[in-house]
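Structure data follow from my_file00.cif (mmCIF, C-alpha atoms):
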data_coords
loop_
_atom_site.label_atom_id
_atom_site.label_comp_id
_atom_site.auth_asym_id
_atom_site.auth_seq_id
_atom_site.Cartn_x
_atom_site.Cartn_y
_atom_site.Cartn_z
CA MET O 145 -22.58 -7.68 -9.51
CA VAL O 146 -21.76 -8.19 -5.84
CA ASN O 147 -23.69 -6.16 -3.28
CA LEU O 148 -21.07 -4.82 -0.88
CA SER O 149 -23.37 -5.11 2.13
CA ASP O 150 -23.61 -8.87 1.52
CA LEU O 151 -19.90 -9.32 2.21
CA ILE O 152 -20.38 -9.14 5.98
CA SER O 153 -23.32 -9.73 8.32
CA SER O 154 -24.72 -7.70 11.19
CA ASP O 155 -23.67 -10.45 13.60
CA GLU O 156 -20.11 -10.25 12.30
CA CYS O 157 -20.15 -6.49 12.73
CA THR O 158 -21.18 -7.06 16.35
CA GLU O 159 -18.23 -9.44 16.76
CA VAL O 160 -15.84 -6.91 15.24
CA VAL O 161 -16.99 -4.06 17.50
CA ARG O 162 -16.77 -6.29 20.57
CA ASN O 163 -13.29 -7.51 19.67
CA SER O 164 -11.98 -4.04 18.96
CA TYR O 165 -13.64 -1.42 21.16
CA VAL O 166 -16.56 -2.48 23.35
CA ARG O 167 -15.14 -5.48 25.17
CA ASP O 168 -17.34 -4.92 28.22
CA GLY O 169 -20.95 -3.80 28.38
CA THR O 170 -23.83 -4.20 26.01
CA PHE O 171 -24.51 -2.51 22.69
CA ARG O 172 -26.37 -3.16 19.48
CA VAL O 173 -25.46 -2.51 15.88
CA VAL O 174 -27.84 0.12 14.51
CA ASN O 175 -26.52 0.01 10.95
CA TYR O 176 -23.39 -0.52 8.91
CA ARG O 177 -22.15 0.16 5.40
CA LEU O 178 -19.21 -0.72 3.19
CA ASP O 179 -17.57 1.87 0.94
CA LYS O 180 -15.33 0.40 -1.74
CA VAL O 181 -11.85 1.89 -1.88
CA ALA O 182 -11.51 3.57 -5.26
CA GLY O 183 -9.29 2.15 -7.97
CA GLN O 184 -7.47 -1.17 -7.93
CA PRO O 185 -5.12 -0.83 -4.98
CA GLY O 186 -4.10 -4.47 -4.69
CA TYR O 187 -3.56 -7.37 -7.08
CA LEU O 188 -4.40 -9.96 -4.42
CA GLY O 189 -7.69 -8.51 -3.20
CA GLU O 190 -10.19 -5.69 -3.14
CA TYR O 191 -10.53 -3.15 -0.36
CA ALA O 192 -13.37 -1.36 1.38
CA ASN O 193 -14.06 0.71 4.48
CA LEU O 194 -16.55 -0.64 7.00
CA VAL O 195 -18.48 1.96 9.00
CA VAL O 196 -20.53 0.62 11.92
CA THR O 197 -22.95 2.68 14.00
CA VAL O 198 -23.79 1.22 17.41
CA GLU O 199 -26.01 2.19 20.32
CA LEU O 200 -24.31 1.72 23.68
CA ASP O 201 -26.08 0.64 26.86
CA ASN O 202 -26.33 4.30 27.92
CA LYS O 203 -28.30 4.97 24.69
CA GLN O 204 -25.46 7.02 23.20
CA SER O 205 -24.43 6.33 19.63
CA ARG O 206 -20.88 5.73 18.43
CA VAL O 207 -19.45 5.21 14.97
CA PHE O 208 -16.54 2.86 14.37
CA LYS O 209 -14.52 2.66 11.17
CA TYR O 210 -12.54 -0.32 9.90
CA PHE O 211 -10.60 -1.47 6.87
CA ILE O 212 -11.72 -4.54 4.91
CA LYS O 213 -9.70 -6.60 2.48
CA CYS O 214 -11.37 -9.45 0.67
CA LEU O 215 -10.98 -11.77 -2.27
CA PRO O 216 -11.58 -9.98 -5.59
CA PHE O 217 -15.29 -9.91 -6.35
CA THR O 218 -15.31 -7.83 -9.57
CA ASP O 219 -12.79 -9.97 -11.50
CA PRO O 220 -13.64 -13.71 -11.54
CA LYS O 221 -10.43 -14.67 -13.35
CA GLN O 222 -8.23 -12.89 -10.84
CA ARG O 223 -10.23 -14.40 -7.98
CA GLN O 224 -9.79 -17.90 -9.41
CA VAL O 225 -6.00 -17.55 -9.60
CA ILE O 226 -5.76 -16.27 -6.02
CA VAL O 227 -8.06 -19.00 -4.70
CA GLU O 228 -6.10 -21.72 -6.50
CA PHE O 229 -2.81 -20.67 -4.89
CA GLY O 230 -4.40 -20.01 -1.48
CA ILE O 231 -2.68 -16.64 -1.20
CA PHE O 232 -5.49 -14.68 0.43
CA THR O 233 -6.62 -17.50 2.72
CA LYS O 234 -3.03 -17.91 3.89
CA GLU O 235 -2.90 -14.41 5.35
CA ALA O 236 -6.29 -14.81 7.03
CA VAL O 237 -5.18 -18.04 8.69
CA CYS O 238 -1.90 -16.43 9.78
CA TYR O 239 -3.82 -13.63 11.52
CA ARG O 240 -6.33 -16.02 13.02
CA GLU O 241 -4.01 -18.74 14.29
CA LEU O 242 -0.38 -17.59 14.26
CA PHE O 243 -0.23 -13.85 14.86
CA SER O 244 -2.77 -14.12 17.67
CA ALA O 245 -0.32 -16.43 19.50
CA LEU O 246 2.54 -13.89 19.40
CA GLU O 247 3.45 -11.60 22.28
CA GLN O 248 1.48 -8.34 22.11
CA ASN O 249 2.21 -6.67 25.46
CA PRO O 250 3.15 -3.07 24.50
CA GLU O 251 5.68 -2.99 27.35
CA ARG O 252 7.62 -5.82 25.71
CA VAL O 253 6.78 -5.43 22.03
CA THR O 254 6.66 -2.47 19.65
CA LYS O 255 3.58 -2.42 17.44
CA TRP O 256 4.62 -3.88 14.07
CA ARG O 257 1.36 -4.87 12.34
CA PRO O 258 -2.28 -3.75 12.23
CA ALA O 259 -4.83 -5.36 14.51
CA CYS O 260 -7.21 -7.78 12.83
CA TRP O 261 -10.69 -8.13 14.34
CA LEU O 262 -12.20 -10.74 12.01
CA ALA O 263 -10.34 -13.18 9.74
CA ARG O 264 -12.41 -15.27 7.39
CA ASP O 265 -10.80 -17.25 4.61
CA ASP O 266 -12.27 -14.78 2.11
CA LEU O 267 -12.39 -11.53 4.11
CA MET O 268 -10.54 -9.72 6.91
CA VAL O 269 -11.63 -6.76 9.03
CA MET O 270 -8.70 -4.76 10.33
CA GLU O 271 -8.01 -1.50 12.07
CA ASP O 272 -8.16 1.46 9.72
CA LEU O 273 -4.56 2.66 9.79
CA MET O 274 -5.32 5.78 7.77
CA ASP O 275 -7.92 6.75 10.35
CA SER O 276 -5.10 6.49 12.92
CA GLY O 277 -2.84 8.82 10.96
CA TYR O 278 -0.76 6.30 8.98
CA ARG O 279 0.06 6.88 5.32
CA SER O 280 1.90 5.05 2.57
CA MET O 281 4.92 6.61 0.95
CA PRO O 282 4.03 8.39 -2.31
CA PHE O 283 4.93 6.66 -5.54
CA GLN O 284 8.59 7.14 -6.55
CA ARG O 285 9.40 8.89 -3.25
CA PRO O 286 12.84 7.63 -2.13
CA PHE O 287 13.24 5.86 1.20
CA GLY O 288 15.88 7.58 3.29
CA GLN O 289 17.89 6.18 6.16
CA THR O 290 15.21 7.05 8.73
CA HIS O 291 12.53 5.22 6.74
CA MET O 292 14.77 2.18 6.45
CA GLU O 293 15.61 2.17 10.15
CA LEU O 294 11.92 2.15 11.06
CA VAL O 295 11.12 -0.66 8.62
CA LEU O 296 14.08 -2.75 9.80
CA ASP O 297 13.11 -2.14 13.43
CA ARG O 298 9.56 -3.39 12.89
CA MET O 299 10.85 -6.33 10.87
CA ALA O 300 13.21 -7.19 13.73
CA GLN O 301 10.23 -7.02 16.12
CA MET O 302 8.28 -9.50 13.99
CA HIS O 303 11.27 -11.84 13.96
CA ALA O 304 11.77 -11.47 17.71
CA CYS O 305 8.12 -12.34 18.38
CA ALA O 306 8.51 -15.47 16.26
CA LEU O 307 11.60 -16.52 18.19
CA ASP O 308 9.84 -15.82 21.50
CA LEU O 309 6.99 -18.10 20.46
CA GLU O 310 9.37 -20.83 19.34
CA TYR O 311 11.79 -20.77 22.28
CA ASN O 312 9.74 -19.49 25.23
CA ARG O 313 6.24 -20.77 24.53
CA MET O 314 6.74 -23.85 22.38
CA ASN O 315 9.90 -25.12 24.12
CA GLY O 316 11.94 -25.09 20.95
CA GLU O 317 9.38 -26.77 18.70
CA LYS O 318 9.89 -25.30 15.23
CA LEU O 319 7.24 -22.87 14.03
CA GLY O 320 7.53 -24.49 10.63
CA ASP O 321 6.48 -27.84 12.12
CA LYS O 322 3.48 -26.42 13.99
CA PHE O 323 2.35 -23.76 11.52
CA GLY O 324 3.75 -25.06 8.25
CA SER O 325 0.28 -25.54 6.79
CA MET O 326 -0.18 -21.75 6.76
CA LEU O 327 3.41 -20.77 5.88
CA PHE O 328 3.55 -22.53 2.52
CA GLU O 329 5.20 -21.05 -0.57
CA THR O 330 2.81 -19.16 -2.83
CA THR O 331 5.06 -17.18 -5.16
CA PHE O 332 8.63 -18.42 -5.68
CA MET O 333 7.48 -21.51 -7.57
CA ARG O 334 7.75 -22.84 -11.10
CA GLU O 335 3.98 -23.37 -10.91
CA SER O 336 3.42 -19.63 -10.38
CA VAL O 337 2.88 -18.24 -13.87
CA TRP O 338 2.99 -14.73 -12.37
CA PHE O 339 6.48 -15.29 -10.96
CA MET O 340 7.79 -17.11 -14.04
CA ALA O 341 6.63 -14.19 -16.21
CA GLY O 342 8.67 -11.96 -13.89
CA LEU O 343 11.85 -14.02 -14.25
CA LYS O 344 11.48 -13.98 -18.04
CA GLY O 345 11.09 -10.21 -17.83
CA ILE O 346 14.43 -9.97 -16.02
CA LEU O 347 16.02 -11.99 -18.82
CA LYS O 348 14.46 -9.65 -21.40
CA VAL O 349 15.98 -6.59 -19.73
CA ALA O 350 19.31 -8.35 -19.30
CA LEU O 351 19.45 -9.13 -23.04
CA GLU O 352 18.14 -5.85 -24.41
CA GLY O 353 18.70 -3.14 -21.83
CA SER O 354 21.51 -3.93 -19.40
CA LYS O 355 24.93 -2.39 -19.82
CA TYR O 356 26.39 -5.88 -20.19
CA SER O 357 24.19 -6.68 -23.20
CA GLN O 358 26.44 -4.41 -25.29
CA ASN O 359 29.25 -6.98 -25.02
CA PRO O 360 28.59 -9.82 -27.54
CA GLU O 361 30.40 -12.40 -25.39
CA TYR O 362 28.47 -11.40 -22.27
CA LYS O 363 25.19 -11.35 -24.19
CA ALA O 364 25.77 -14.88 -25.46
CA SER O 365 26.38 -16.06 -21.90
CA ILE O 366 23.20 -14.36 -20.70
CA GLN O 367 21.17 -15.96 -23.48
CA ALA O 368 22.58 -19.42 -22.84
CA ASP O 369 22.79 -19.58 -19.07
CA MET O 370 20.75 -16.96 -17.22
CA LEU O 371 17.47 -18.84 -16.91
CA GLY O 372 19.36 -21.85 -15.58
CA LYS O 373 21.27 -19.74 -13.07
CA MET O 374 18.09 -18.03 -11.89
CA ASP O 375 16.60 -21.47 -11.30
CA ARG O 376 18.49 -21.64 -8.01
CA ILE O 377 15.87 -19.38 -6.46
CA PHE O 378 13.51 -22.34 -6.19
CA GLU O 379 16.06 -24.23 -4.08
CA LEU O 380 16.60 -21.15 -1.93
CA SER O 381 12.86 -20.87 -1.35
CA GLU O 382 12.69 -24.21 0.44
CA THR O 383 12.70 -24.46 4.23
CA THR O 384 16.07 -25.23 5.80
CA ASP O 385 17.67 -26.57 8.97
CA ARG O 386 21.02 -24.98 8.17
CA PHE O 387 20.09 -21.56 9.59
CA GLN O 388 17.74 -20.33 12.30
CA SER O 389 14.39 -19.44 10.78
CA VAL O 390 11.68 -16.94 11.79
CA ILE O 391 8.42 -15.69 10.33
CA VAL O 392 9.54 -13.62 7.32
CA HIS O 393 7.34 -11.10 5.54
CA LYS O 394 9.33 -11.35 2.29
CA ASP O 395 7.33 -8.67 0.46
CA LEU O 396 8.30 -5.32 1.96
CA TRP O 397 8.11 -3.13 -1.13
CA TYR O 398 7.10 0.51 -0.71
CA ASN O 399 3.35 -0.12 -0.51
CA ASN O 400 3.53 -2.84 2.16
CA MET O 401 4.29 -0.61 5.10
CA MET O 402 2.60 2.52 6.39
CA PHE O 403 4.12 5.41 8.31
CA ARG O 404 3.09 8.18 10.62
CA PHE O 405 4.84 11.32 9.41
CA ASP O 406 5.81 14.62 10.92
CA HIS O 407 4.03 17.73 9.62
CA ASP O 408 5.45 21.10 8.68
CA GLN O 409 4.25 24.43 10.09
CA ALA O 410 1.51 24.63 7.47
CA GLY O 411 0.20 21.21 8.49
CA SER O 412 1.37 19.40 5.37
CA VAL O 413 2.76 15.89 5.64
CA ASN O 414 6.55 15.80 5.72
CA TYR O 415 7.29 12.51 3.98
CA ASP O 416 11.00 12.88 4.73
CA LYS O 417 10.37 12.62 8.49
CA PRO O 418 8.65 9.35 9.36
CA LEU O 419 7.85 8.90 13.05
CA ASP O 420 6.34 5.42 13.23
CA CYS O 421 5.81 2.41 10.97
CA VAL O 422 3.72 -0.76 10.71
CA LEU O 423 4.05 -3.64 8.25
CA ILE O 424 1.05 -4.83 6.24
CA ASP O 425 0.09 -7.58 3.76
CA PHE O 426 1.47 -10.95 4.83
CA GLN O 427 0.21 -13.06 1.92
CA ILE O 428 3.60 -14.59 1.13
CA ALA O 429 4.94 -14.96 4.70
CA ARG O 430 7.15 -18.01 5.28
CA TYR O 431 9.20 -19.74 7.95
CA GLN O 432 12.69 -19.02 6.65
CA PRO O 433 15.98 -17.44 7.76
CA PRO O 434 15.78 -13.71 8.60
CA ALA O 435 18.45 -12.99 5.99
CA ILE O 436 15.77 -13.45 3.33
CA ASP O 437 13.64 -10.66 4.82
CA LEU O 438 16.66 -8.42 5.31
CA LEU O 439 17.85 -8.87 1.73
CA CYS O 440 14.42 -8.50 0.13
CA THR O 441 13.71 -5.36 2.15
CA ILE O 442 17.02 -3.68 1.33
CA TYR O 443 16.83 -4.54 -2.38
CA LEU O 444 13.18 -3.57 -2.73
CA LEU O 445 13.38 -0.23 -0.93
CA THR O 446 16.78 1.23 -1.82
CA ARG O 447 18.54 2.30 -4.97
CA ARG O 448 21.95 0.83 -5.67
CA SER O 449 23.87 3.95 -4.65
CA GLN O 450 22.25 3.80 -1.20
CA ARG O 451 22.94 0.07 -0.90
CA ASP O 452 26.58 0.54 -1.82
CA GLU O 453 26.91 3.16 0.91
CA LEU O 454 24.69 1.80 3.69
CA TYR O 455 24.25 -1.95 3.22
CA ASP O 456 26.63 -2.87 6.06
CA PHE O 457 25.06 -0.26 8.32
CA TYR O 458 21.55 -1.62 7.68
CA VAL O 459 22.65 -5.18 8.44
CA LYS O 460 24.25 -4.11 11.72
CA TYR O 461 21.28 -1.91 12.60
CA TYR O 462 18.85 -4.78 12.09
CA TYR O 463 20.98 -7.10 14.22
CA GLU O 464 21.24 -4.57 17.05
CA GLN O 465 17.48 -4.04 17.05
CA LEU O 466 16.86 -7.77 17.06
CA ARG O 467 19.26 -8.19 19.99
CA ASP O 468 17.49 -5.50 22.02
CA LYS O 469 14.04 -6.89 21.30
CA LEU O 470 15.06 -10.43 22.16
CA GLN O 471 16.48 -9.24 25.49
CA LYS O 472 13.08 -7.78 26.38
CA LEU O 473 11.67 -11.24 25.72
CA ASN O 474 14.38 -12.91 27.86
CA LEU O 475 16.27 -14.37 24.93
CA GLN O 476 19.95 -13.99 24.02
CA ILE O 477 20.73 -13.46 20.36
CA GLU O 478 24.17 -15.07 20.54
CA SER O 479 22.69 -18.48 21.33
CA ILE O 480 19.93 -18.22 18.71
CA LEU O 481 21.31 -16.27 15.76
CA PRO O 482 25.06 -15.62 16.07
CA TRP O 483 26.41 -12.73 14.03
CA GLU O 484 28.53 -15.03 11.87
CA GLN O 485 25.50 -17.15 11.00
CA LEU O 486 23.65 -14.06 9.81
CA LEU O 487 26.57 -13.00 7.61
CA VAL O 488 26.90 -16.46 6.04
CA SER O 489 23.15 -16.66 5.42
CA LEU O 490 23.12 -13.20 3.80
CA GLU O 491 25.64 -14.33 1.21
CA TYR O 492 23.86 -17.66 0.73
CA TYR O 493 20.46 -16.03 0.03
CA LYS O 494 21.62 -12.94 -1.86
CA LEU O 495 20.06 -14.14 -5.13
CA VAL O 496 16.59 -14.06 -3.53
CA GLY O 497 16.82 -10.32 -2.87
CA LEU O 498 18.24 -9.62 -6.31
CA LEU O 499 15.66 -11.57 -8.30
CA TRP O 500 12.66 -10.58 -6.20
CA SER O 501 13.54 -6.90 -6.59
CA GLY O 502 13.81 -7.35 -10.36
CA VAL O 503 10.46 -9.15 -10.58
CA LEU O 504 8.62 -6.64 -8.39
CA HIS O 505 10.20 -3.48 -9.80
CA ALA O 506 9.05 -4.53 -13.26
CA TYR O 507 5.50 -4.86 -11.94
CA VAL O 508 4.96 -2.13 -9.32
CA ASN O 509 7.05 0.69 -10.81
CA LEU O 510 4.96 1.10 -13.94
CA PRO O 511 3.49 4.63 -14.24
CA GLU O 512 1.05 5.25 -11.42
CA GLY O 513 -2.45 4.09 -12.32
CA TYR O 514 -1.40 2.28 -15.49
CA LEU O 515 -2.35 -1.23 -14.36
CA ALA O 516 -5.62 -0.09 -12.79
CA GLU O 517 -6.58 1.64 -16.04
CA LEU O 518 -5.51 -1.37 -18.11
CA HIS O 519 -7.56 -3.65 -15.87
CA VAL O 520 -10.67 -1.63 -16.62
CA LYS O 521 -10.08 -0.93 -20.31
CA ASP O 522 -8.55 -4.22 -21.45
CA PRO O 523 -8.88 -7.07 -18.92
CA GLU O 524 -7.33 -9.56 -21.34
CA ALA O 525 -4.19 -7.46 -21.76
CA TYR O 526 -4.08 -6.97 -17.99
CA HIS O 527 -4.12 -10.72 -17.36
CA GLU O 528 -1.62 -11.35 -20.14
CA PHE O 529 0.80 -8.94 -18.48
CA GLY O 530 0.30 -10.60 -15.11
CA LEU O 531 0.12 -14.24 -16.07
CA ILE O 532 1.63 -14.80 -19.52
CA SER O 533 4.29 -12.33 -20.62
CA ARG O 534 5.42 -8.88 -19.42
CA ASP O 535 7.99 -8.39 -22.13
CA THR O 536 6.12 -6.03 -24.49
CA VAL O 537 4.79 -3.67 -21.81
CA LEU O 538 7.98 -3.92 -19.80
CA MET O 539 10.23 -2.88 -22.67
CA GLU O 540 7.86 -0.11 -23.75
CA PHE O 541 8.17 1.63 -20.39
CA PHE O 542 11.82 0.64 -20.04
CA ARG O 543 12.50 2.80 -23.11
CA THR O 544 10.21 5.71 -22.24
CA ASP O 545 10.10 5.97 -18.42
CA ARG O 546 13.36 6.95 -16.74
CA TYR O 547 12.35 5.93 -13.20
CA TYR O 548 11.11 2.54 -14.39
CA ARG O 549 14.29 1.95 -16.38
CA GLU O 550 16.73 3.00 -13.66
CA THR O 551 15.12 1.01 -10.85
CA LEU O 552 15.05 -2.10 -13.03
CA LEU O 553 18.66 -1.69 -14.11
CA ASP O 554 19.73 -1.28 -10.49
CA SER O 555 18.54 -4.84 -9.89
CA VAL O 556 19.30 -6.45 -13.26
CA ASP O 557 22.87 -5.18 -13.64
CA GLU O 558 23.74 -6.25 -10.09
CA THR O 559 22.10 -9.63 -10.69
CA LEU O 560 24.27 -10.16 -13.78
CA GLU O 561 27.38 -9.25 -11.82
CA TYR O 562 26.40 -11.70 -9.11
CA LEU O 563 25.51 -14.58 -11.44
CA PHE O 564 28.24 -14.19 -14.05
CA GLY O 565 30.96 -12.16 -12.35
CA PHE O 566 30.70 -9.42 -15.00
CA LYS O 567 32.78 -6.31 -14.41
#
Encoded form (structure tokens):
Amino acid sequence: MVNLSDLISSDECTEVVRNSYVRDGTFRVVNYRLDKVAGQPGYLGEYANLVVTVELDNKQSRVFKYFIKCLPFTDPKQRQVIVEFGIFTKEAVCYRELFSALEQNPERVTKWRPACWLARDDLMVMEDLMDSGYRSMPFQRPFGQTHMELVLDRMAQMHACALDLEYNRMNGEKLGDKFGSMLFETTFMRESVWFMAGLKGILKVALEGSKYSQNPEYKASIQADMLGKMDRIFELSETTDRFQSVIVHKDLWYNNMMFRFDHDQAGSVNYDKPLDCVLIDFQIARYQPPAIDLLCTIYLLTRRSQRDELYDFYVKYYYEQLRDKLQKLNLQIESILPWEQLLVSLEYYKLVGLLWSGVLHAYVNLPEGYLAELHVKDPEAYHEFGLISRDTVLMEFFRTDRYYRETLLDSVDETLEYLFGFK
């Protein structure tokens, strides 16, 4: 059993406080504690709150609160998988070496990510966004146009900062060449048993639950050719010189951004009126064309009816925000990412958004708390679902849970139409 207090030292707490709040003057750490965040909030790590009490040079005491994410310490098998693929370490290195090099002047850049005050390969200490009034969207709560505009704006800011670093500070040297060692692929790989289980889950739904499975001719085509057609995602996940690339998040599902919300007259949070947004969790960040981020974000956060109505608007909105943010950084979008290039790249990478939404919806849209409970009650079944086969659990909830079924079909039916031309 890991003692939480052993995860971080008093000297590191001093470093965190100095980096975050007390940049000038003297102080000493009186005490600190770590409180584990309840439940199993993340597959790729475990979370805790760090509370540090310090005595300032005027003898007054202050208490500072932070958020900690670290490698899993209660599940050795899960920790081993994450260590082997370097997923957690990748984000820590990105914060330590890449994000710290990006423009942060609030007069030129809108805040788009949390501050990170300590980044070890096995642990990160970050600002506590909840303590600053940020909240995640509740489970199954739909993202409206205002939510999407905020997410796309912050995504455009991340992309603009990457382009500023590449063109203004590195004289055109590609970020992929300089930072490629920390922007490696961790997920969209044949070697990722987690991802392969997800693709097989999409095939299972396509064969047994999609509207096209009712047609014997279509079903035979799905059985014979779908896995082969989905294989193209591995080619699309490679770096490219064909299109301009940026730092892409690639994983903006509903739990990977946090909002500040308006409140009603009674003081309750109004989740339909977001006021601000930051992006979190960069474990699968890459150096790839922005179309990949745009597609993944739209397909992960919207239902098909909203996409059919607002897809073109969201693409134009993103491009306008990127143009404005680049201008503040003395860059012209037309010479870096022409509109026509974006449109061509969106069609080229469409399969990435479709398949990633199918894989993730099958995993994150299970009834709230189900995976956390399964992890505690039956660790073997939990790991089988994650790393071997999702088919049994997936189809159980596909048949019994309307939200789970409809969000999956949104992705799977559209994927079949895209891959096979079904009508």
Name the residues within 8 Å of (9.1, 2.5, -19.4), counting only C-alpha atoms in the file's coordinates, and put them as a PDB file with C-alpha atoms, in the frame of the given file.
ATOM      1  CA  LEU O 510       4.960   1.100 -13.940  1.00  0.00           C
ATOM      2  CA  PRO O 511       3.490   4.630 -14.240  1.00  0.00           C
ATOM      3  CA  VAL O 537       4.790  -3.670 -21.810  1.00  0.00           C
ATOM      4  CA  LEU O 538       7.980  -3.920 -19.800  1.00  0.00           C
ATOM      5  CA  MET O 539      10.230  -2.880 -22.670  1.00  0.00           C
ATOM      6  CA  GLU O 540       7.860  -0.110 -23.750  1.00  0.00           C
ATOM      7  CA  PHE O 541       8.170   1.630 -20.390  1.00  0.00           C
ATOM      8  CA  PHE O 542      11.820   0.640 -20.040  1.00  0.00           C
ATOM      9  CA  ARG O 543      12.500   2.800 -23.110  1.00  0.00           C
ATOM     10  CA  THR O 544      10.210   5.710 -22.240  1.00  0.00           C
ATOM     11  CA  ASP O 545      10.100   5.970 -18.420  1.00  0.00           C
ATOM     12  CA  ARG O 546      13.360   6.950 -16.740  1.00  0.00           C
ATOM     13  CA  TYR O 547      12.350   5.930 -13.200  1.00  0.00           C
ATOM     14  CA  TYR O 548      11.110   2.540 -14.390  1.00  0.00           C
ATOM     15  CA  ARG O 549      14.290   1.950 -16.380  1.00  0.00           C
TER      16      ARG O 549
END
Could you tell me which of O:Arg386, O:His291, O:Arg162, O:Lys472 comes closest to Ser489 in chain O if we count only C-alpha atoms?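 Ranking O:Arg386, O:His291, O:Arg162, O:Lys472 by distance to Ser489 in chain O, first place goes to O:Arg386.
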Counting all atoms listed in the file, the option among O:Glu228, O:Glu382, O:Glu293, O:Glu512 closest to Glu335 in chain O: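 For Glu335 in chain O, the nearest of the candidates is O:Glu228.
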Range 442-534 of chain O residues near range 307-327 of chain O within 12 Å, closest pair each, using all atoms listed in the file, as a tab-separated table:
residue	atom	partner	partner_atom	distance
O:Leu466	CA	O:Leu307	CA	10.3
O:Arg467	CA	O:Leu307	CA	11.5
O:Lys469	CA	O:Asp308	CA	9.9
O:Leu470	CA	O:Asp308	CA	7.5
O:Gln471	CA	O:Asp308	CA	10.2
O:Lys472	CA	O:Asp308	CA	9.9
O:Leu473	CA	O:Asp308	CA	6.5
O:Asn474	CA	O:Asp308	CA	8.3
O:Leu475	CA	O:Asp308	CA	7.4
O:Gln476	CA	O:Leu307	CA	10.5
O:Ile477	CA	O:Leu307	CA	9.9
O:Ser479	CA	O:Tyr311	CA	11.2
O:Ile480	CA	O:Leu307	CA	8.5
O:Leu481	CA	O:Leu307	CA	10.0
Given only C-alpha atoms, how would the per-residue table for range 288-383 of chain O near range 418-441 of chain O read, listing every residue at most 8 Å away with its closest atom pair and distance in Å to one decimal, sorted by chain and number, as a Markdown table?
| residue | atom | partner | partner_atom | distance |
| --- | --- | --- | --- | --- |
| O:Thr290 | CA | O:Pro418 | CA | 7.0 |
| O:His291 | CA | O:Pro418 | CA | 6.2 |
| O:Leu294 | CA | O:Cys421 | CA | 6.1 |
| O:Val295 | CA | O:Cys421 | CA | 6.6 |
| O:Leu296 | CA | O:Leu438 | CA | 7.7 |
| O:Arg298 | CA | O:Val422 | CA | 6.8 |
| O:Met299 | CA | O:Leu423 | CA | 7.8 |
| O:His303 | CA | O:Pro434 | CA | 7.3 |
| O:Leu319 | CA | O:Tyr431 | CA | 7.1 |
| O:Gly320 | CA | O:Tyr431 | CA | 5.7 |
| O:Gly324 | CA | O:Tyr431 | CA | 7.6 |
| O:Leu327 | CA | O:Arg430 | CA | 4.7 |
| O:Phe328 | CA | O:Arg430 | CA | 6.4 |
| O:Glu329 | CA | O:Ile428 | CA | 6.9 |
| O:Thr330 | CA | O:Ile428 | CA | 6.1 |
| O:Thr331 | CA | O:Ile428 | CA | 7.0 |
| O:Thr383 | CA | O:Gln432 | CA | 6.0 |
Box for range 474-478 of chain O: with edges along x, y and z, all listed atoms inside and 4 Å added on each side, what are the centre and edge lengths in Å to one decimal, as JSON?
{"center_x": 19.3, "center_y": -14.0, "center_z": 24.1, "size_x": 17.8, "size_y": 10.2, "size_z": 15.5}
Between O:Gln485, O:Asn249, O:Gln388, O:Thr446, which residue has the minimum interatomic distance to His505 in chain O, considering all atoms listed in the file?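 Going through O:Gln485, O:Asn249, O:Gln388, O:Thr446 one by one, the smallest distance to His505 in chain O is for O:Thr446.
Between Gln248 in chain O and the residues O:Leu267, O:Leu444, O:Val227, O:Ala306, the shortest atom-to-atom distance, using all atoms listed in the file, involves O:Ala306.
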List the spatial neighbours of range 365-371 of chain O as a ChimeraX atom specification - criterion: any atom at most 10 Å away, only C-alpha atoms, same-chain residues fewer than 2 positions off excluded. /O:343-344,346-348,350-351,356-357,360-363,373-376,559-560,563-564
Which residues, named as in the file, does the PyMOL selection byres ((chain O and resi 201-206) around 12) pick out? Answer as a list in words.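 Output of the PyMOL selection byres ((chain O and resi 201-206) around 12): Val161, Tyr165, Val166, Asp168, Gly169, Thr170, Phe171, Arg172, Val173, Val174, Asn175, Tyr176, Val195, Val196, Thr197, Val198, Glu199, Leu200, Val207, Phe208 and Lys209 of chain O.
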Selection result for the PyMOL selection byres ((chain O and resi 398) around 10) on this file, as number ranges by chain: O: 280-287, 395-397, 399-402, 441, 444-446, 508
Calculated over only C-alpha atoms, which of the candidates O:Thr158, O:Gln301, O:Asn509, O:Gln224 has the smallest distance to His393 in chain O?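 Smallest separation from His393 in chain O among the options: O:Gln301.
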Apply the PyMOL selection byres ((chain O and resi 458) around 10) to the displayed file and report the matching residues as a CSV table (one decimal) with C-alpha atoms, in the coordinates of the input.
chain,number,residue,atom,x,y,z
O,289,GLN,CA,17.9,6.2,6.2
O,292,MET,CA,14.8,2.2,6.4
O,293,GLU,CA,15.6,2.2,10.2
O,296,LEU,CA,14.1,-2.8,9.8
O,438,LEU,CA,16.7,-8.4,5.3
O,442,ILE,CA,17.0,-3.7,1.3
O,451,ARG,CA,22.9,0.1,-0.9
O,453,GLU,CA,26.9,3.2,0.9
O,454,LEU,CA,24.7,1.8,3.7
O,455,TYR,CA,24.2,-2.0,3.2
O,456,ASP,CA,26.6,-2.9,6.1
O,457,PHE,CA,25.1,-0.3,8.3
O,459,VAL,CA,22.6,-5.2,8.4
O,460,LYS,CA,24.2,-4.1,11.7
O,461,TYR,CA,21.3,-1.9,12.6
O,462,TYR,CA,18.8,-4.8,12.1
O,463,TYR,CA,21.0,-7.1,14.2
O,464,GLU,CA,21.2,-4.6,17.0
Rounded to one decimal place, report the CA of Leu194 in chain O-CA of Leu178 in chain O distance in Å.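 A separation of 4.6 Å between them.
By chain and then residue number, the residues within 10 Å of Asp272 in chain O are Asn193, Leu194, Phe208, Lys209, Tyr210, Phe211, Ile212, Pro258, Ala259, Cys260, Val269, Asp275, Ser276, Gly277 and Tyr278 of chain O, counting all atoms listed in the file and disregarding those fewer than 3 positions away in sequence.
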